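Chemist: So here's entry_20.pdb, just PDB, C-alpha atoms, pLDDT in the B column:
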ATOM      1  CA  MET A   1       7.410 -62.130  -1.609  1.00 82.00           C
ATOM      2  CA  GLN A   2       3.764 -61.304  -0.983  1.00 92.00           C
ATOM      3  CA  ASN A   3       2.726 -64.092   1.369  1.00 96.00           C
ATOM      4  CA  ILE A   4       5.675 -64.361   3.764  1.00 98.00           C
ATOM      5  CA  THR A   5       8.318 -62.148   5.332  1.00 97.00           C
ATOM      6  CA  PHE A   6      11.950 -63.049   6.022  1.00 98.00           C
ATOM      7  CA  TYR A   7      14.733 -61.244   7.837  1.00 97.00           C
ATOM      8  CA  ILE A   8      17.836 -61.993   9.916  1.00 97.00           C
ATOM      9  CA  GLU A   9      18.713 -60.292  13.191  1.00 96.00           C
ATOM     10  CA  ASN A  10      21.397 -61.167  15.751  1.00 94.00           C
ATOM     11  CA  LYS A  11      22.085 -64.603  14.270  1.00 95.00           C
ATOM     12  CA  ILE A  12      18.361 -65.468  14.284  1.00 97.00           C
ATOM     13  CA  ALA A  13      16.276 -65.754  11.104  1.00 98.00           C
ATOM     14  CA  PHE A  14      12.559 -64.924  11.179  1.00 98.00           C
ATOM     15  CA  LEU A  15      10.085 -66.320   8.637  1.00 98.00           C
ATOM     16  CA  GLY A  16       6.602 -64.860   8.985  1.00 98.00           C
ATOM     17  CA  LEU A  17       3.446 -66.326   7.482  1.00 98.00           C
ATOM     18  CA  ASN A  18       1.930 -63.141   6.141  1.00 97.00           C
ATOM     19  CA  ARG A  19      -1.720 -63.555   5.165  1.00 96.00           C
ATOM     20  CA  PRO A  20      -3.297 -62.154   8.346  1.00 96.00           C
ATOM     21  CA  ASP A  21      -6.602 -61.416   6.624  1.00 94.00           C
ATOM     22  CA  LYS A  22      -6.865 -65.158   5.870  1.00 94.00           C
ATOM     23  CA  LYS A  23      -5.506 -66.247   9.271  1.00 95.00           C
ATOM     24  CA  ASN A  24      -2.265 -67.100   7.452  1.00 96.00           C
ATOM     25  CA  ALA A  25      -3.904 -70.027   5.682  1.00 94.00           C
ATOM     26  CA  LEU A  26      -1.523 -72.047   3.525  1.00 94.00           C
ATOM     27  CA  ASN A  27      -2.206 -71.613  -0.178  1.00 93.00           C
ATOM     28  CA  LYS A  28      -0.124 -72.544  -3.202  1.00 92.00           C
ATOM     29  CA  ALA A  29       1.592 -69.152  -3.430  1.00 94.00           C
ATOM     30  CA  MET A  30       2.561 -69.079   0.257  1.00 96.00           C
ATOM     31  CA  ILE A  31       3.877 -72.638   0.227  1.00 96.00           C
ATOM     32  CA  THR A  32       5.907 -71.936  -2.908  1.00 96.00           C
ATOM     33  CA  GLU A  33       7.420 -68.830  -1.311  1.00 98.00           C
ATOM     34  CA  ILE A  34       8.314 -70.691   1.908  1.00 98.00           C
ATOM     35  CA  ILE A  35      10.032 -73.488  -0.014  1.00 98.00           C
ATOM     36  CA  ALA A  36      11.930 -71.074  -2.264  1.00 97.00           C
ATOM     37  CA  THR A  37      13.055 -68.907   0.661  1.00 98.00           C
ATOM     38  CA  LEU A  38      14.269 -71.834   2.768  1.00 98.00           C
ATOM     39  CA  ASN A  39      16.101 -73.359  -0.172  1.00 97.00           C
ATOM     40  CA  MET A  40      17.729 -69.998  -0.858  1.00 97.00           C
ATOM     41  CA  HIS A  41      18.972 -69.745   2.731  1.00 97.00           C
ATOM     42  CA  LYS A  42      19.793 -73.355   3.619  1.00 95.00           C
ATOM     43  CA  ALA A  43      23.495 -72.670   3.028  1.00 95.00           C
ATOM     44  CA  ASN A  44      23.364 -69.260   4.750  1.00 96.00           C
ATOM     45  CA  ARG A  45      25.601 -69.340   7.831  1.00 94.00           C
ATOM     46  CA  SER A  46      24.771 -65.832   9.051  1.00 95.00           C
ATOM     47  CA  PHE A  47      22.091 -67.275  11.344  1.00 96.00           C
ATOM     48  CA  ARG A  48      22.032 -70.281  13.681  1.00 96.00           C
ATOM     49  CA  VAL A  49      18.333 -70.734  14.313  1.00 98.00           C
ATOM     50  CA  LEU A  50      15.106 -70.083  12.372  1.00 98.00           C
ATOM     51  CA  ILE A  51      11.835 -68.904  13.917  1.00 98.00           C
ATOM     52  CA  ILE A  52       8.602 -69.501  11.987  1.00 98.00           C
ATOM     53  CA  TYR A  53       5.681 -67.387  13.201  1.00 98.00           C
ATOM     54  CA  GLY A  54       2.373 -65.968  12.034  1.00 97.00           C
ATOM     55  CA  THR A  55       1.615 -62.282  11.522  1.00 96.00           C
ATOM     56  CA  GLY A  56      -1.637 -60.892  12.865  1.00 93.00           C
ATOM     57  CA  ASP A  57      -3.572 -62.544  15.672  1.00 90.00           C
ATOM     58  CA  CYS A  58      -2.899 -66.247  14.989  1.00 94.00           C
ATOM     59  CA  PHE A  59      -0.227 -68.647  13.775  1.00 97.00           C
ATOM     60  CA  CYS A  60      -2.024 -70.437  10.933  1.00 96.00           C
ATOM     61  CA  SER A  61      -5.499 -71.843  10.301  1.00 94.00           C
ATOM     62  CA  GLY A  62      -4.185 -74.660   8.107  1.00 91.00           C
ATOM     63  CA  ALA A  63      -4.707 -75.208   4.398  1.00 86.00           C
ATOM     64  CA  ASP A  64      -6.648 -72.510   2.566  1.00 87.00           C
ATOM     65  CA  LEU A  65     -10.126 -73.974   2.039  1.00 79.00           C
ATOM     66  CA  ASP A  66     -10.680 -71.789  -1.037  1.00 82.00           C
ATOM     67  CA  TRP A  67      -7.638 -73.494  -2.553  1.00 78.00           C
ATOM     68  CA  MET A  68      -8.892 -76.908  -1.431  1.00 71.00           C
ATOM     69  CA  LYS A  69     -12.240 -76.170  -3.078  1.00 72.00           C
ATOM     70  CA  GLN A  70     -10.489 -75.633  -6.412  1.00 71.00           C
ATOM     71  CA  GLY A  71      -9.552 -79.308  -6.292  1.00 64.00           C
ATOM     72  CA  LEU A  72     -13.103 -80.144  -7.386  1.00 66.00           C
ATOM     73  CA  LYS A  73     -12.349 -78.593 -10.780  1.00 71.00           C
ATOM     74  CA  GLN A  74      -8.822 -79.981 -11.097  1.00 68.00           C
ATOM     75  CA  SER A  75      -7.641 -83.217 -12.622  1.00 77.00           C
ATOM     76  CA  LYS A  76      -6.291 -86.034 -10.474  1.00 70.00           C
ATOM     77  CA  THR A  77      -2.785 -85.162 -11.647  1.00 79.00           C
ATOM     78  CA  GLN A  78      -3.220 -81.534 -10.596  1.00 75.00           C
ATOM     79  CA  ASN A  79      -4.478 -82.601  -7.165  1.00 68.00           C
ATOM     80  CA  ILE A  80      -1.528 -84.955  -6.751  1.00 75.00           C
ATOM     81  CA  ASP A  81       0.810 -82.097  -7.653  1.00 78.00           C
ATOM     82  CA  ASP A  82      -0.808 -79.951  -4.933  1.00 74.00           C
ATOM     83  CA  ALA A  83      -0.334 -82.749  -2.406  1.00 75.00           C
ATOM     84  CA  LYS A  84       3.308 -83.124  -3.456  1.00 84.00           C
ATOM     85  CA  LEU A  85       3.759 -79.417  -2.795  1.00 86.00           C
ATOM     86  CA  PHE A  86       2.740 -80.016   0.825  1.00 87.00           C
ATOM     87  CA  ASN A  87       5.150 -82.956   0.957  1.00 89.00           C
ATOM     88  CA  THR A  88       7.957 -80.701  -0.250  1.00 92.00           C
ATOM     89  CA  LEU A  89       7.030 -77.992   2.262  1.00 95.00           C
ATOM     90  CA  PHE A  90       7.152 -80.351   5.236  1.00 94.00           C
ATOM     91  CA  GLU A  91      10.319 -82.089   4.065  1.00 93.00           C
ATOM     92  CA  THR A  92      12.047 -78.736   3.485  1.00 96.00           C
ATOM     93  CA  ILE A  93      11.323 -77.631   7.052  1.00 97.00           C
ATOM     94  CA  TYR A  94      12.131 -81.038   8.540  1.00 95.00           C
ATOM     95  CA  THR A  95      15.520 -81.208   6.792  1.00 95.00           C
ATOM     96  CA  PHE A  96      16.426 -77.519   7.166  1.00 97.00           C
ATOM     97  CA  PRO A  97      20.062 -77.476   8.355  1.00 97.00           C
ATOM     98  CA  VAL A  98      19.752 -75.199  11.394  1.00 97.00           C
ATOM     99  CA  PRO A  99      17.309 -75.643  14.305  1.00 98.00           C
ATOM    100  CA  VAL A 100      13.738 -74.524  13.559  1.00 98.00           C
ATOM    101  CA  ILE A 101      11.457 -73.039  16.226  1.00 98.00           C
ATOM    102  CA  CYS A 102       7.728 -72.560  15.630  1.00 98.00           C
ATOM    103  CA  GLU A 103       6.075 -69.767  17.604  1.00 98.00           C
ATOM    104  CA  VAL A 104       2.320 -70.215  17.974  1.00 98.00           C
ATOM    105  CA  ARG A 105      -0.043 -67.390  18.745  1.00 96.00           C
ATOM    106  CA  LYS A 106      -3.700 -68.227  19.345  1.00 95.00           C
ATOM    107  CA  SER A 107      -4.136 -71.336  17.157  1.00 95.00           C
ATOM    108  CA  ALA A 108      -2.774 -73.860  14.705  1.00 96.00           C
ATOM    109  CA  PHE A 109      -4.991 -76.293  12.828  1.00 95.00           C
ATOM    110  CA  GLY A 110      -4.546 -79.032  10.243  1.00 92.00           C
ATOM    111  CA  GLY A 111      -1.615 -78.375   7.949  1.00 92.00           C
ATOM    112  CA  ALA A 112      -0.359 -75.719  10.363  1.00 95.00           C
ATOM    113  CA  VAL A 113       0.203 -78.453  12.950  1.00 96.00           C
ATOM    114  CA  GLY A 114       2.248 -80.185  10.266  1.00 95.00           C
ATOM    115  CA  LEU A 115       4.607 -77.195  10.371  1.00 97.00           C
ATOM    116  CA  LEU A 116       4.980 -77.692  14.120  1.00 97.00           C
ATOM    117  CA  ALA A 117       5.604 -81.408  13.730  1.00 96.00           C
ATOM    118  CA  CYS A 118       8.400 -80.746  11.224  1.00 95.00           C
ATOM    119  CA  SER A 119      10.135 -78.199  13.439  1.00 97.00           C
ATOM    120  CA  ASP A 120      12.579 -78.911  16.269  1.00 97.00           C
ATOM    121  CA  ILE A 121      11.054 -76.797  19.040  1.00 98.00           C
ATOM    122  CA  VAL A 122       7.511 -75.461  19.495  1.00 98.00           C
ATOM    123  CA  VAL A 123       6.547 -72.519  21.728  1.00 98.00           C
ATOM    124  CA  CYS A 124       2.975 -71.345  22.221  1.00 98.00           C
ATOM    125  CA  GLU A 125       0.756 -69.032  24.236  1.00 97.00           C
ATOM    126  CA  ALA A 126      -1.013 -70.452  27.275  1.00 97.00           C
ATOM    127  CA  ASP A 127      -4.432 -70.099  25.629  1.00 96.00           C
ATOM    128  CA  SER A 128      -3.399 -71.502  22.241  1.00 97.00           C
ATOM    129  CA  THR A 129      -5.555 -74.206  20.698  1.00 97.00           C
ATOM    130  CA  PHE A 130      -4.708 -76.953  18.231  1.00 97.00           C
ATOM    131  CA  GLY A 131      -6.681 -79.387  16.132  1.00 96.00           C
ATOM    132  CA  PHE A 132      -7.011 -81.628  13.124  1.00 94.00           C
ATOM    133  CA  PRO A 133     -10.380 -80.821  11.518  1.00 90.00           C
ATOM    134  CA  GLU A 134      -9.682 -82.800   8.319  1.00 89.00           C
ATOM    135  CA  VAL A 135     -12.030 -85.763   8.870  1.00 88.00           C
ATOM    136  CA  LYS A 136     -14.828 -83.378   9.861  1.00 88.00           C
ATOM    137  CA  LEU A 137     -14.404 -81.747   6.451  1.00 81.00           C
ATOM    138  CA  GLY A 138     -14.246 -85.069   4.600  1.00 84.00           C
ATOM    139  CA  ILE A 139     -10.505 -84.712   4.051  1.00 81.00           C
ATOM    140  CA  ILE A 140      -7.740 -87.160   4.965  1.00 83.00           C
ATOM    141  CA  PRO A 141      -4.683 -85.722   6.807  1.00 87.00           C
ATOM    142  CA  ALA A 142      -2.370 -87.763   4.600  1.00 84.00           C
ATOM    143  CA  THR A 143       0.558 -85.395   4.045  1.00 85.00           C
ATOM    144  CA  ILE A 144       0.946 -84.453   7.705  1.00 89.00           C
ATOM    145  CA  ALA A 145       0.307 -87.901   9.210  1.00 91.00           C
ATOM    146  CA  PRO A 146       3.914 -89.222   9.023  1.00 90.00           C
ATOM    147  CA  TYR A 147       5.258 -86.154  10.814  1.00 92.00           C
ATOM    148  CA  ILE A 148       2.466 -86.150  13.408  1.00 94.00           C
ATOM    149  CA  MET A 149       3.130 -89.801  14.231  1.00 93.00           C
ATOM    150  CA  SER A 150       6.847 -89.145  14.507  1.00 92.00           C
ATOM    151  CA  LYS A 151       6.340 -86.113  16.761  1.00 95.00           C
ATOM    152  CA  MET A 152       3.412 -87.205  18.929  1.00 96.00           C
ATOM    153  CA  GLY A 153       3.729 -90.991  18.862  1.00 94.00           C
ATOM    154  CA  ASN A 154       1.346 -93.562  17.429  1.00 95.00           C
ATOM    155  CA  SER A 155      -1.209 -93.469  20.261  1.00 96.00           C
ATOM    156  CA  ASN A 156      -1.576 -89.674  20.414  1.00 96.00           C
ATOM    157  CA  ALA A 157      -1.595 -89.386  16.624  1.00 96.00           C
ATOM    158  CA  ARG A 158      -4.452 -91.899  16.363  1.00 96.00           C
ATOM    159  CA  LYS A 159      -6.482 -90.032  18.959  1.00 96.00           C
ATOM    160  CA  ARG A 160      -5.984 -86.584  17.469  1.00 96.00           C
ATOM    161  CA  LEU A 161      -6.209 -87.361  13.751  1.00 95.00           C
ATOM    162  CA  LEU A 162      -9.439 -89.310  14.262  1.00 95.00           C
ATOM    163  CA  MET A 163     -11.028 -86.831  16.701  1.00 93.00           C
ATOM    164  CA  PRO A 164     -11.441 -83.370  15.139  1.00 90.00           C
ATOM    165  CA  GLU A 165     -12.175 -81.472  18.365  1.00 94.00           C
ATOM    166  CA  PRO A 166      -9.651 -78.747  19.328  1.00 95.00           C
ATOM    167  CA  PHE A 167      -7.257 -79.351  22.217  1.00 97.00           C
ATOM    168  CA  SER A 168      -5.400 -77.044  24.578  1.00 98.00           C
ATOM    169  CA  ALA A 169      -1.789 -75.967  24.929  1.00 97.00           C
ATOM    170  CA  LYS A 170      -1.360 -78.099  28.055  1.00 98.00           C
ATOM    171  CA  GLU A 171      -2.743 -81.139  26.236  1.00 98.00           C
ATOM    172  CA  ALA A 172      -0.445 -80.425  23.284  1.00 98.00           C
ATOM    173  CA  GLN A 173       2.527 -80.235  25.630  1.00 98.00           C
ATOM    174  CA  ALA A 174       1.554 -83.473  27.382  1.00 98.00           C
ATOM    175  CA  GLU A 175       1.320 -85.192  23.992  1.00 97.00           C
ATOM    176  CA  ALA A 176       4.763 -83.972  22.830  1.00 97.00           C
ATOM    177  CA  LEU A 177       3.542 -81.520  20.175  1.00 97.00           C
ATOM    178  CA  VAL A 178       4.505 -78.411  22.194  1.00 98.00           C
ATOM    179  CA  HIS A 179       7.683 -77.994  24.234  1.00 98.00           C
ATOM    180  CA  PHE A 180       7.288 -74.600  25.934  1.00 98.00           C
ATOM    181  CA  ILE A 181       4.224 -72.607  27.008  1.00 98.00           C
ATOM    182  CA  ALA A 182       4.591 -68.842  27.530  1.00 96.00           C
ATOM    183  CA  ASP A 183       2.319 -68.379  30.524  1.00 91.00           C
ATOM    184  CA  LYS A 184       4.173 -65.597  32.348  1.00 88.00           C
ATOM    185  CA  GLU A 185       5.572 -63.551  29.469  1.00 94.00           C
ATOM    186  CA  PRO A 186       4.710 -62.698  25.848  1.00 96.00           C
ATOM    187  CA  VAL A 187       5.276 -65.622  23.510  1.00 97.00           C
ATOM    188  CA  ARG A 188       7.820 -63.663  21.450  1.00 97.00           C
ATOM    189  CA  GLU A 189       9.880 -62.982  24.565  1.00 97.00           C
ATOM    190  CA  LYS A 190       9.838 -66.696  25.424  1.00 97.00           C
ATOM    191  CA  THR A 191      10.687 -67.680  21.867  1.00 98.00           C
ATOM    192  CA  LEU A 192      13.626 -65.289  21.676  1.00 98.00           C
ATOM    193  CA  ALA A 193      15.037 -66.563  24.961  1.00 97.00           C
ATOM    194  CA  ILE A 194      14.956 -70.118  23.605  1.00 98.00           C
ATOM    195  CA  ALA A 195      16.387 -69.054  20.242  1.00 98.00           C
ATOM    196  CA  ARG A 196      19.265 -67.237  21.933  1.00 97.00           C
ATOM    197  CA  ALA A 197      20.004 -70.309  24.026  1.00 96.00           C
ATOM    198  CA  VAL A 198      20.092 -72.477  20.902  1.00 96.00           C
ATOM    199  CA  ALA A 199      22.234 -69.923  19.074  1.00 95.00           C
ATOM    200  CA  GLN A 200      24.967 -70.319  21.677  1.00 94.00           C
ATOM    201  CA  GLY A 201      25.777 -73.666  20.093  1.00 93.00           C
ATOM    202  CA  ALA A 202      28.670 -73.920  17.675  1.00 93.00           C
ATOM    203  CA  PRO A 203      27.358 -73.428  14.107  1.00 93.00           C
ATOM    204  CA  ASP A 204      28.654 -76.691  12.634  1.00 93.00           C
ATOM    205  CA  ALA A 205      27.783 -78.645  15.779  1.00 93.00           C
ATOM    206  CA  LEU A 206      24.142 -77.522  15.545  1.00 94.00           C
ATOM    207  CA  ILE A 207      23.933 -78.567  11.906  1.00 95.00           C
ATOM    208  CA  GLN A 208      25.640 -81.902  12.492  1.00 92.00           C
ATOM    209  CA  THR A 209      23.454 -82.669  15.499  1.00 93.00           C
ATOM    210  CA  LYS A 210      20.327 -82.164  13.413  1.00 93.00           C
ATOM    211  CA  ALA A 211      21.758 -84.445  10.734  1.00 90.00           C
ATOM    212  CA  LEU A 212      22.546 -87.035  13.417  1.00 88.00           C
ATOM    213  CA  LEU A 213      19.006 -86.945  14.814  1.00 89.00           C
ATOM    214  CA  ARG A 214      17.461 -87.395  11.373  1.00 87.00           C
ATOM    215  CA  ARG A 215      19.733 -90.351  10.673  1.00 82.00           C
ATOM    216  CA  LEU A 216      18.870 -92.011  13.983  1.00 83.00           C
ATOM    217  CA  GLU A 217      15.150 -91.470  13.503  1.00 82.00           C
ATOM    218  CA  GLU A 218      15.264 -93.131  10.102  1.00 75.00           C
ATOM    219  CA  HIS A 219      17.638 -95.979  11.018  1.00 64.00           C
ATOM    220  CA  LEU A 220      17.421 -96.330  14.780  1.00 56.00           C
ATOM    221  CA  GLU A 221      18.176-100.073  14.899  1.00 59.00           C
ATOM    222  CA  ASP A 222      20.563-100.111  11.960  1.00 58.00           C
ATOM    223  CA  GLU A 223      24.111-101.205  12.880  1.00 58.00           C
ATOM    224  CA  SER A 224      25.467 -98.702  10.358  1.00 64.00           C
ATOM    225  CA  SER A 225      23.901 -95.884  12.425  1.00 56.00           C
ATOM    226  CA  LYS A 226      26.111 -96.812  15.379  1.00 58.00           C
ATOM    227  CA  LEU A 227      29.184 -96.568  13.168  1.00 65.00           C
ATOM    228  CA  PHE A 228      27.846 -93.303  11.763  1.00 62.00           C
ATOM    229  CA  CYS A 229      27.521 -91.915  15.326  1.00 58.00           C
ATOM    230  CA  ALA A 230      31.043 -93.045  16.214  1.00 63.00           C
ATOM    231  CA  ARG A 231      32.483 -91.366  13.141  1.00 68.00           C
ATOM    232  CA  MET A 232      30.570 -88.151  13.837  1.00 63.00           C
ATOM    233  CA  ILE A 233      31.847 -87.785  17.408  1.00 58.00           C
ATOM    234  CA  ALA A 234      35.375 -88.717  16.334  1.00 63.00           C
ATOM    235  CA  SER A 235      35.327 -85.993  13.689  1.00 71.00           C
ATOM    236  CA  ALA A 236      33.826 -83.482  16.106  1.00 63.00           C
ATOM    237  CA  ARG A 237      36.529 -84.084  18.713  1.00 60.00           C
ATOM    238  CA  ILE A 238      39.302 -83.107  16.304  1.00 66.00           C
ATOM    239  CA  SER A 239      37.389 -80.348  14.526  1.00 75.00           C
ATOM    240  CA  ASN A 240      38.214 -76.670  14.985  1.00 80.00           C
ATOM    241  CA  GLU A 241      34.937 -76.158  16.864  1.00 75.00           C
ATOM    242  CA  GLY A 242      35.481 -79.170  19.088  1.00 64.00           C
ATOM    243  CA  GLN A 243      39.000 -78.125  20.031  1.00 73.00           C
ATOM    244  CA  GLU A 244      37.980 -74.501  20.558  1.00 77.00           C
ATOM    245  CA  GLY A 245      34.965 -75.434  22.678  1.00 75.00           C
ATOM    246  CA  VAL A 246      36.897 -77.710  25.019  1.00 69.00           C
ATOM    247  CA  THR A 247      39.786 -75.272  25.285  1.00 81.00           C
ATOM    248  CA  ALA A 248      37.428 -72.378  26.059  1.00 79.00           C
ATOM    249  CA  PHE A 249      35.760 -74.452  28.780  1.00 69.00           C
ATOM    250  CA  PHE A 250      39.030 -75.106  30.560  1.00 72.00           C
ATOM    251  CA  GLU A 251      40.179 -71.517  30.070  1.00 83.00           C
ATOM    252  CA  LYS A 252      36.825 -70.293  31.478  1.00 84.00           C
ATOM    253  CA  ARG A 253      36.059 -68.050  28.517  1.00 83.00           C
ATOM    254  CA  LYS A 254      33.479 -67.870  25.749  1.00 86.00           C
ATOM    255  CA  PRO A 255      34.244 -69.888  22.612  1.00 85.00           C
ATOM    256  CA  ALA A 256      35.117 -67.945  19.478  1.00 84.00           C
ATOM    257  CA  TRP A 257      31.666 -68.321  17.920  1.00 80.00           C
ATOM    258  CA  ASN A 258      29.993 -66.523  20.871  1.00 83.00           C
ATOM    259  CA  LYS A 259      32.336 -63.535  21.100  1.00 78.00           C
TER     260      LYS A 259
END
Would you give me this structure, written as structure tokens?
Modeler:
Amino acid sequence: MQNITFYIENKIAFLGLNRPDKKNALNKAMITEIIATLNMHKANRSFRVLIIYGTGDCFCSGADLDWMKQGLKQSKTQNIDDAKLFNTLFETIYTFPVPVICEVRKSAFGGAVGLLACSDIVVCEADSTFGFPEVKLGIIPATIAPYIMSKMGNSNARKRLLMPEPFSAKEAQAEALVHFIADKEPVREKTLAIARAVAQGAPDALIQTKALLRRLEEHLEDESSKLFCARMIASARISNEGQEGVTAFFEKRKPAWNK
């Protein structure tokens, strides 16, 4: 891999966007490597949480404009294929089995904010900035829009996708894009504390909870979702993890997965 890094340490996986000289801009090669790496590790149970971060001095500047410029010389089919690659990237992160945390240093723009919207938890520095410059560049934020609306809500999504001016970490937090702001410690320290807290969860319970949340988001008012939820909790109560967790609580000890 030339455009990303990946390693596992203490039950936490780290995926680094590794084009610091290009502000970690997303190009075809990087996106392909991210998708391939996540697909390779989606069944890996040696880690319980994934952190996505940027190397260098920022998280990600969005789509690589040099790559976007090549679209002028490509056929419509080739441009559609590029757009589908973004679709696959976002869907791969959104459906990744274990919890995904995005750690933002300095800034995240355009497609980079799509990465945040597809993740479960977002942590950033106090002076981080965010933005959707697409319309200012004559581009439509089509591939990220569904995830932005789901994460930020219809009203905030309309405001931000139509107004290309950058916005602050506090504004991002108020609009549900960011969950935690590291204002008293380094962002990595804050991110690791959150990751360790998540990693205390039982491995299967974390995976099943993510699956439950996706199902509810897609079929919130569907009667079958209520039955699905009932079946999930019933199965969890008699599972090895469920029995061990409850027993450990009453015995005032750590469950087996945290020893």
Chemist: Residues within 12 Å of Ala193 (chain A), please, as a VMD selection string. Count all atoms listed in the file; anything in the same chain fewer than 6 positions from it doesn't count.
Modeler: chain A and resid 12 49 51 101 123 180 182 185 to 187 199 to 200
Chemist: Rounded to one decimal in Å, what is the spacing between CA of Cys118 (chain A) and CA of Ile144 (chain A)?
Modeler: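 These two atoms are separated by 9.0 Å.
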Chemist: What does the distance from CA of His41 (chain A) to CA of Phe90 (chain A) come to in Å, to one decimal?
Modeler: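 It comes out at 16.1 Å.
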Chemist: Which of these, A:Asp82, A:Glu9, A:Glu125, A:Asp21, has the shortest distance to Thr191 (chain A) once you count only C-alpha atoms?
Modeler: A:Glu125
Chemist: May I ask for the distance between CA of Pro97 (chain A) and CA of Asn39 (chain A), given in Å to one decimal place?
Modeler: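 One can read the CA of Pro97 (chain A) to CA of Asn39 (chain A) distance as 10.3 Å.
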Chemist: Can you tell me, as lines of an AutoDock Vina configuration file, the centre and edge lengths (Å, one decimal) of the axis-aligned box enclosing all of region 81-89 of chain A's listed atoms after padding each side by 3 Å?
Modeler:
center_x = 3.6
center_y = -80.6
center_z = -2.7
size_x = 14.8
size_y = 11.1
size_z = 15.9
Chemist: Starting from the PyMOL selection byres ((chain A and resi 128) around 12), expand the selection into actual residues of this file and give them as a PyMOL selection string.
Modeler: chain A and resi 57-60+103-109+122-127+129-131+166-173+178+180-183+187
Chemist: Closest to Trp257 (chain A) among A:Met149, A:Ala112, A:Ala202, A:Ala36, using all atoms listed in the file?
Modeler: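 Residue with the minimum atom-to-atom distance to Trp257 (chain A): A:Ala202.
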Chemist: I need the residue nearest Ser61 (chain A) from this list: A:Thr37, A:Ser119, A:Thr143, A:Asn24. Use only C-alpha atoms for the distance.
Modeler: A:Asn24
Chemist: Specify as a short mmCIF file (atom, residue, chain, number, x, y, z; two decimals) with C-alpha atoms, in the frame of the given file each residue included when the PyMOL selection byres ((chain A and resi 11) around 7) is applied to this file.
Modeler:
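Final output, result.cif:
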data_model
loop_
_atom_site.label_atom_id
_atom_site.label_comp_id
_atom_site.auth_asym_id
_atom_site.auth_seq_id
_atom_site.Cartn_x
_atom_site.Cartn_y
_atom_site.Cartn_z
CA ILE A 8 17.84 -61.99 9.92
CA GLU A 9 18.71 -60.29 13.19
CA ASN A 10 21.40 -61.17 15.75
CA ILE A 12 18.36 -65.47 14.28
CA ALA A 13 16.28 -65.75 11.10
CA SER A 46 24.77 -65.83 9.05
CA PHE A 47 22.09 -67.28 11.34
CA ARG A 48 22.03 -70.28 13.68
#
